[in-house]
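Below: my_file11.cif (mmCIF, C-alpha atoms and all ligand atoms)
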```
data_protein
loop_
_atom_site.label_atom_id
_atom_site.label_comp_id
_atom_site.auth_asym_id
_atom_site.auth_seq_id
_atom_site.Cartn_x
_atom_site.Cartn_y
_atom_site.Cartn_z
CA MET I 1 -8.77 18.60 -2.95
CA ASN I 2 -8.66 21.42 -5.44
CA ALA I 3 -8.56 19.15 -8.44
CA VAL I 4 -10.53 20.89 -11.16
CA GLN I 5 -12.90 18.50 -12.89
CA ASN I 6 -14.28 18.76 -16.38
CA SER I 7 -17.02 16.77 -18.00
CA THR I 8 -14.66 14.49 -19.96
CA THR I 9 -12.51 13.65 -16.96
CA ARG I 10 -13.33 10.54 -15.01
CA SER I 11 -12.76 10.96 -11.33
CA ALA I 12 -11.78 8.40 -8.73
CA ALA I 13 -13.78 10.47 -6.24
CA SER I 14 -17.01 9.26 -7.81
CA ASN I 15 -16.21 5.62 -7.07
CA PRO I 16 -17.17 4.89 -3.49
CA LEU I 17 -15.09 2.30 -1.72
CA ASP I 18 -16.67 -1.05 -2.44
CA LYS I 19 -17.26 -2.55 0.96
CA LYS I 20 -17.04 -6.08 -0.37
CA ARG I 21 -13.63 -5.35 -1.76
CA ASN I 22 -12.10 -3.81 1.32
CA ILE I 23 -8.60 -4.55 0.08
CA ILE I 24 -6.26 -1.57 -0.14
CA ALA I 25 -3.22 -2.12 -2.36
CA ILE I 26 -0.12 -0.02 -1.76
CA ALA I 27 1.74 0.42 -5.04
CA SER I 28 4.42 2.70 -6.45
CA GLY I 29 6.08 1.38 -9.53
CA LYS I 30 9.48 2.46 -8.20
CA GLY I 31 11.10 0.59 -5.33
CA GLY I 32 12.39 2.23 -2.17
CA VAL I 33 9.78 4.97 -1.90
CA GLY I 34 8.38 3.74 1.43
CA LYS I 35 5.62 1.26 0.52
CA THR I 36 6.44 -1.25 3.22
CA TRP I 37 6.88 1.34 5.94
CA PHE I 38 3.64 3.05 4.91
CA SER I 39 1.72 -0.27 4.69
CA ILE I 40 2.77 -1.15 8.24
CA THR I 41 2.00 2.29 9.63
CA LEU I 42 -1.33 2.48 7.82
CA SER I 43 -2.30 -0.95 9.20
CA HIS I 44 -1.27 0.11 12.70
CA ALA I 45 -3.16 3.41 12.50
CA LEU I 46 -6.27 1.65 11.16
CA ALA I 47 -6.09 -0.91 13.98
CA ARG I 48 -5.93 1.96 16.48
CA ARG I 49 -9.17 3.22 14.97
CA ASN I 50 -10.75 -0.12 15.93
CA GLN I 51 -10.55 -1.61 12.46
CA ARG I 52 -9.89 -5.32 12.12
CA VAL I 53 -6.84 -5.29 9.86
CA LEU I 54 -4.84 -7.85 7.91
CA LEU I 55 -1.49 -6.73 6.48
CA PHE I 56 -0.55 -8.91 3.53
CA ASP I 57 3.09 -8.86 2.45
CA ALA I 58 2.52 -9.14 -1.29
CA ASP I 59 6.11 -8.35 -2.24
CA LEU I 60 6.37 -12.05 -3.02
CA GLY I 61 9.92 -13.35 -2.72
CA LEU I 62 11.35 -10.08 -1.33
CA ALA I 63 9.32 -9.83 1.84
CA ASN I 64 10.14 -6.96 4.21
CA VAL I 65 7.18 -6.51 6.55
CA ASP I 66 8.49 -9.02 9.11
CA ILE I 67 11.96 -7.42 9.00
CA GLN I 68 10.67 -3.88 9.58
CA LEU I 69 8.52 -5.12 12.47
CA GLY I 70 11.20 -7.38 13.95
CA LEU I 71 8.85 -10.37 13.69
CA MET I 72 10.01 -13.96 13.44
CA PRO I 73 6.77 -15.45 12.11
CA GLU I 74 6.35 -19.20 12.65
CA ARG I 75 4.09 -19.27 9.62
CA ASP I 76 4.22 -17.42 6.32
CA LEU I 77 3.16 -17.50 2.68
CA GLY I 78 5.83 -20.11 1.94
CA GLY I 79 3.61 -22.64 3.75
CA VAL I 80 0.66 -21.63 1.58
CA ILE I 81 2.58 -22.04 -1.65
CA SER I 82 3.92 -25.45 -0.61
CA GLY I 83 0.31 -26.48 0.13
CA ARG I 84 0.82 -27.07 3.87
CA LEU I 85 -1.31 -24.13 5.02
CA SER I 86 -4.41 -22.32 3.91
CA LEU I 87 -4.11 -18.54 3.66
CA ALA I 88 -6.15 -18.18 6.86
CA GLN I 89 -3.83 -20.59 8.69
CA ALA I 90 -0.71 -18.72 7.57
CA LYS I 91 -1.54 -15.43 9.28
CA VAL I 92 0.06 -14.42 12.57
CA HIS I 93 -1.13 -11.82 15.08
CA PHE I 94 1.10 -8.82 15.69
CA ASP I 95 0.14 -8.23 19.32
CA GLU I 96 1.74 -4.84 19.75
CA GLY I 97 -0.10 -3.37 16.77
CA ASN I 98 -3.24 -5.47 17.25
CA PHE I 99 -3.43 -6.49 13.61
CA ASP I 100 -2.84 -9.70 11.66
CA VAL I 101 0.08 -10.22 9.30
CA LEU I 102 0.46 -12.57 6.37
CA ALA I 103 4.22 -12.61 6.14
CA GLY I 104 6.13 -13.34 2.98
CA ARG I 105 9.39 -15.22 2.73
CA SER I 106 12.38 -13.36 1.44
CA GLY I 107 14.49 -15.20 -1.12
CA SER I 108 11.77 -17.70 -2.00
CA GLY I 109 12.02 -18.40 -5.73
CA GLY I 110 8.70 -20.29 -5.61
CA LEU I 111 6.90 -17.21 -4.32
CA ALA I 112 8.68 -14.80 -6.65
CA ALA I 113 7.70 -16.71 -9.78
CA LEU I 114 4.18 -17.98 -9.11
CA PRO I 115 2.50 -19.28 -12.28
CA PRO I 116 -0.73 -17.49 -13.32
CA ASN I 117 -3.07 -20.18 -11.96
CA ARG I 118 -1.43 -20.08 -8.50
CA LEU I 119 -1.56 -16.29 -8.48
CA ASN I 120 -5.25 -16.49 -9.31
CA THR I 121 -5.89 -18.91 -6.48
CA LEU I 122 -3.93 -16.71 -4.08
CA GLY I 123 -5.98 -13.68 -5.14
CA SER I 124 -9.30 -15.52 -4.75
CA ASP I 125 -8.28 -16.88 -1.35
CA LEU I 126 -7.35 -13.36 -0.27
CA LEU I 127 -10.75 -12.04 -1.34
CA GLU I 128 -12.41 -14.77 0.71
CA LEU I 129 -10.24 -14.08 3.75
CA SER I 130 -10.89 -10.33 3.45
CA SER I 131 -14.47 -10.87 4.59
CA SER I 132 -13.12 -11.53 8.12
CA TYR I 133 -11.59 -8.05 8.26
CA ASP I 134 -12.59 -4.42 7.98
CA ARG I 135 -9.51 -3.69 5.90
CA VAL I 136 -6.80 -5.70 4.21
CA VAL I 137 -3.63 -3.74 3.42
CA MET I 138 -1.58 -5.26 0.60
CA ASP I 139 2.08 -4.21 0.40
CA LEU I 140 2.89 -4.74 -3.27
CA GLY I 141 6.33 -5.23 -4.77
CA ALA I 142 7.94 -2.68 -7.05
CA GLY I 143 7.46 -2.72 -10.80
CA ILE I 144 4.45 -3.38 -12.98
CA ASP I 145 4.97 -7.04 -13.76
CA ARG I 146 2.31 -9.74 -14.01
CA THR I 147 2.37 -10.53 -10.27
CA VAL I 148 1.91 -6.90 -9.25
CA ARG I 149 -0.86 -6.38 -11.81
CA SER I 150 -2.67 -9.57 -10.85
CA LEU I 151 -2.61 -8.86 -7.11
CA SER I 152 -3.46 -5.18 -7.45
CA SER I 153 -6.51 -6.09 -9.54
CA ARG I 154 -7.93 -7.73 -6.38
CA ALA I 155 -7.99 -4.43 -4.52
CA GLY I 156 -11.01 -2.15 -4.22
CA THR I 157 -8.72 0.83 -3.65
CA THR I 158 -5.14 1.36 -4.72
CA LEU I 159 -2.95 3.89 -2.99
CA VAL I 160 -0.13 4.91 -5.29
CA LEU I 161 2.80 6.10 -3.22
CA THR I 162 5.46 8.35 -4.70
CA ASN I 163 8.12 10.64 -3.40
CA THR I 164 8.95 13.97 -5.01
CA GLU I 165 11.62 12.65 -7.40
CA PRO I 166 10.87 12.69 -11.15
CA THR I 167 11.79 9.00 -11.45
CA ALA I 168 9.26 8.01 -8.78
CA LEU I 169 6.61 10.26 -10.37
CA THR I 170 7.23 8.72 -13.81
CA ASP I 171 6.87 5.22 -12.40
CA ALA I 172 3.74 6.18 -10.43
CA TYR I 173 2.25 7.56 -13.65
CA ALA I 174 3.14 4.32 -15.48
CA PHE I 175 1.44 2.28 -12.76
CA ILE I 176 -1.69 4.45 -12.92
CA LYS I 177 -1.74 4.18 -16.72
CA ILE I 178 -1.71 0.38 -16.80
CA SER I 179 -4.22 0.21 -13.94
CA ILE I 180 -6.66 2.49 -15.76
CA GLN I 181 -6.20 0.56 -18.99
CA ALA I 182 -7.07 -2.67 -17.16
CA ASN I 183 -9.96 -1.10 -15.21
CA PRO I 184 -11.20 2.36 -16.20
CA ALA I 185 -13.25 2.57 -12.99
CA ALA I 186 -10.27 1.82 -10.72
CA ASP I 187 -10.28 3.74 -7.43
CA ILE I 188 -6.75 5.14 -7.29
CA ARG I 189 -5.59 7.65 -4.71
CA ILE I 190 -2.24 9.30 -4.33
CA VAL I 191 0.04 9.43 -1.30
CA ILE I 192 3.05 11.72 -1.58
CA ASN I 193 5.73 10.39 0.76
CA ASN I 194 8.97 11.84 2.05
CA CYS I 195 8.18 15.44 1.12
CA ALA I 196 9.98 18.36 2.77
CA SER I 197 6.66 20.05 3.57
CA HIS I 198 2.97 19.72 2.82
CA ALA I 199 3.37 22.55 0.29
CA GLU I 200 5.99 20.54 -1.58
CA GLY I 201 3.79 17.45 -1.35
CA ARG I 202 0.83 19.29 -2.85
CA LYS I 203 2.97 20.65 -5.68
CA THR I 204 4.16 17.13 -6.45
CA TYR I 205 0.60 15.83 -6.42
CA GLU I 206 -0.48 18.60 -8.82
CA THR I 207 2.27 17.57 -11.26
CA LEU I 208 1.06 13.98 -11.23
CA ARG I 209 -2.61 14.94 -11.38
CA LYS I 210 -2.06 17.17 -14.40
CA ALA I 211 -0.17 14.43 -16.27
CA CYS I 212 -2.96 11.92 -15.54
CA ASP I 213 -5.64 14.40 -16.54
CA SER I 214 -3.89 15.41 -19.80
CA PHE I 215 -2.87 11.99 -21.04
CA LEU I 216 -5.27 9.55 -19.36
CA LYS I 217 -8.33 11.73 -18.79
CA TYR I 218 -8.30 10.45 -15.25
CA GLU I 219 -7.80 12.40 -12.04
CA PRO I 220 -6.59 10.35 -9.09
CA ILE I 221 -7.43 12.13 -5.85
CA LEU I 222 -4.94 12.95 -3.12
CA LEU I 223 -5.21 10.85 0.03
CA GLY I 224 -2.34 12.34 1.97
CA MET I 225 1.16 13.71 2.21
CA ILE I 226 3.77 12.23 4.52
CA ARG I 227 6.65 14.47 5.46
CA HIS I 228 10.27 13.40 5.50
CA ASP I 229 11.01 12.41 9.07
CA VAL I 230 14.19 11.00 10.56
CA SER I 231 12.01 8.94 12.94
CA VAL I 232 11.05 6.73 9.97
CA LEU I 233 14.62 5.58 9.46
CA ARG I 234 15.19 5.31 13.23
CA SER I 235 12.16 3.13 13.81
CA ILE I 236 13.06 0.88 10.86
CA ARG I 237 16.63 0.55 12.18
CA ASN I 238 15.16 -0.43 15.54
CA GLN I 239 12.71 -2.81 13.85
CA THR I 240 9.91 -1.21 15.83
CA ALA I 241 6.65 0.22 14.54
CA ILE I 242 6.84 4.02 14.37
CA LEU I 243 3.45 4.44 16.09
CA THR I 244 4.89 2.57 19.07
CA ARG I 245 8.28 4.25 19.18
CA TYR I 246 7.63 7.79 17.93
CA PRO I 247 3.84 8.17 18.08
CA ASN I 248 3.93 11.97 17.94
CA CYS I 249 6.41 12.52 15.12
CA ASP I 250 5.44 14.36 11.91
CA ALA I 251 5.26 11.21 9.76
CA ALA I 252 2.98 9.48 12.31
CA ASP I 253 0.70 12.54 12.38
CA ASP I 254 0.55 12.51 8.59
CA VAL I 255 -0.37 8.83 8.37
CA ARG I 256 -3.13 9.34 10.95
CA ALA I 257 -4.45 12.23 8.84
CA ALA I 258 -4.50 9.96 5.77
CA VAL I 259 -6.41 7.35 7.78
CA ASP I 260 -8.98 9.99 8.77
CA VAL I 261 -9.59 10.72 5.09
CA LEU I 262 -9.71 7.02 4.19
CA LEU I 263 -12.27 6.24 6.89
CA GLU I 264 -14.39 9.29 6.07
CA ALA I 265 -14.63 8.10 2.46
CA ARG I 266 -16.53 4.95 3.43
N1 LIG M 301 8.57 9.73 5.27
C1 LIG M 301 9.83 9.28 5.28
N2 LIG M 301 10.81 9.98 5.93
C2 LIG M 301 12.08 9.53 5.94
N3 LIG M 301 12.52 8.40 5.36
C3 LIG M 301 11.61 7.66 4.71
C4 LIG M 301 10.22 8.04 4.63
N4 LIG M 301 9.56 7.08 3.94
C5 LIG M 301 10.47 6.16 3.57
N5 LIG M 301 11.72 6.49 4.03
C6 LIG M 301 12.98 5.75 3.80
O1 LIG M 301 12.81 4.93 2.66
C7 LIG M 301 13.31 3.64 2.92
C8 LIG M 301 12.60 2.63 2.05
O2 LIG M 301 11.33 2.31 2.61
P1 LIG M 301 10.56 0.95 2.28
O3 LIG M 301 9.31 0.97 3.07
O4 LIG M 301 11.45 -0.24 2.44
O5 LIG M 301 10.27 1.18 0.71
P2 LIG M 301 9.65 0.21 -0.39
O6 LIG M 301 8.82 -0.82 0.31
O7 LIG M 301 8.84 1.12 -1.28
O8 LIG M 301 10.80 -0.39 -1.12
C9 LIG M 301 13.14 3.46 4.40
O9 LIG M 301 14.08 2.54 4.88
C10 LIG M 301 13.35 4.83 4.95
O10 LIG M 301 14.75 5.04 5.21
MG MG M 302 8.89 -2.92 0.29
#
```

What is this file in structure tokens?
Amino acid sequence: MNAVQNSTTRSAASNPLDKKRNIIAIASGKGGVGKTWFSITLSHALARRNQRVLLFDADLGLANVDIQLGLMPERDLGGVISGRLSLAQAKVHFDEGNFDVLAGRSGSGGLAALPPNRLNTLGSDLLELSSSYDRVVMDLGAGIDRTVRSLSSRAGTTLVLTNTEPTALTDAYAFIKISIQANPAADIRIVINNCASHAEGRKTYETLRKACDSFLKYEPILLGMIRHDVSVLRSIRNQTAILTRYPNCDAADDVRAAVDVLLEAR
């Protein structure tokens, strides 16, 4: 990273990944930038590096992980919220990817509007369950509402995903701002998704980094850049994981490169 540091700028790079809090939140602020696709592909790539992975669909009430993977889970978070299942009992194994999934339930009003005490319990249960895994990947919903803030506060690392559009960048900045206000030592890293080239991705990152440095005195580091790739849309349409269907496409290469950086940082 060529982020220039100065003495008054706090840097995420100085916060090593807390091994006890091996939860990685995927956030964006703006919807539709690729969080769910990236969460799945990151989980898959981590599992292929022999990591024990749990993918938690934390877009409560608008779950998409099962749809993108073509799963019909017999158990999901709905059972947890109704009190029938513990969080550990609600997970299913995604054989093809060799990782576990805690699926959400789309259209569930109960999940979408969890009261603060239930959200707290869910977060604590997740922390407990995370000790059975090397990594837990948490696919957050869009926005910066109470649910998103509460769940993201459980993560040791937050990957803020943005594309190159000014609206996505503005929302990513807003997410970083509230995260830093809540926890000045937050470990936030940036993933630029859907860029035309790595050069464009780096330029986009620099724009975001400069805004964070100027206004927040915080420099989030760059984890990776994922190029625009028609294979992403094709694999989602086919409801098949991209690492299974198009393992050698540009976007798959880029996610693997991000995983290399993530695992090196341990
Ligand atoms: N790297 C990429 N290349 C091409 N299309 C992409 C890429 N990343 C995301 N997309 C497109 O963005 C859409 C939204 O992705 P999704 O994971 O559902 O976003 P989110 O969870 O942030 O709402 C996908 O259906 C896909 O068409
Ligand atoms: Mg999503």

- Nearest to ligand MG 302 (chain M) by atom-to-atom distance, counting only C-alpha atoms and all ligand atoms, from I:Ile236, I:Val191, I:Leu85, I:Ile178: I:Ile236

- I:Ser28: which residues within 12 Å, counting all atoms listed in the file, same-chain residues fewer than 4 positions away excluded, as JSON, numbers by chain? {"I": [32, 33, 34, 35, 36, 38, 39, 59, 139, 140, 141, 142, 143, 144, 148, 149, 152, 158, 159, 160, 161, 162, 163, 167, 168, 169, 170, 171, 172, 173, 174, 175, 176, 179, 188, 189, 190, 191, 192, 193]}

- atom CA of I:Ser214 to atom CA of I:Ile180, straight-line distance in Å: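 One can read the atom CA of I:Ile180 to atom CA of I:Ser214 distance as 13.8 Å.
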
- Item | Surrounding residues of I:Asn238 excluding itself and chain neighbours under 4 positions, 12 Å, only C-alpha atoms, as a list in words |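 Result of the neighbour search: Ile67, Gln68, Leu69, Gly70, Leu71, Ser231, Val232, Leu233, Arg234, Ile242, Thr244, Arg245 and Tyr246 of chain I.
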
- Please, what distance in Å, to one decimal, runs between atom CA of I:His228 and atom CA of I:Ala186?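 Separation between atom CA of I:His228 and atom CA of I:Ala186: 28.6 Å.
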
- Message: Between atom CA of I:Lys30 and atom CA of I:Leu60, what is the distance in Å, rounded to a tenth?
- Response: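 Between atom CA of I:Lys30 and atom CA of I:Leu60 the gap is 15.7 Å.
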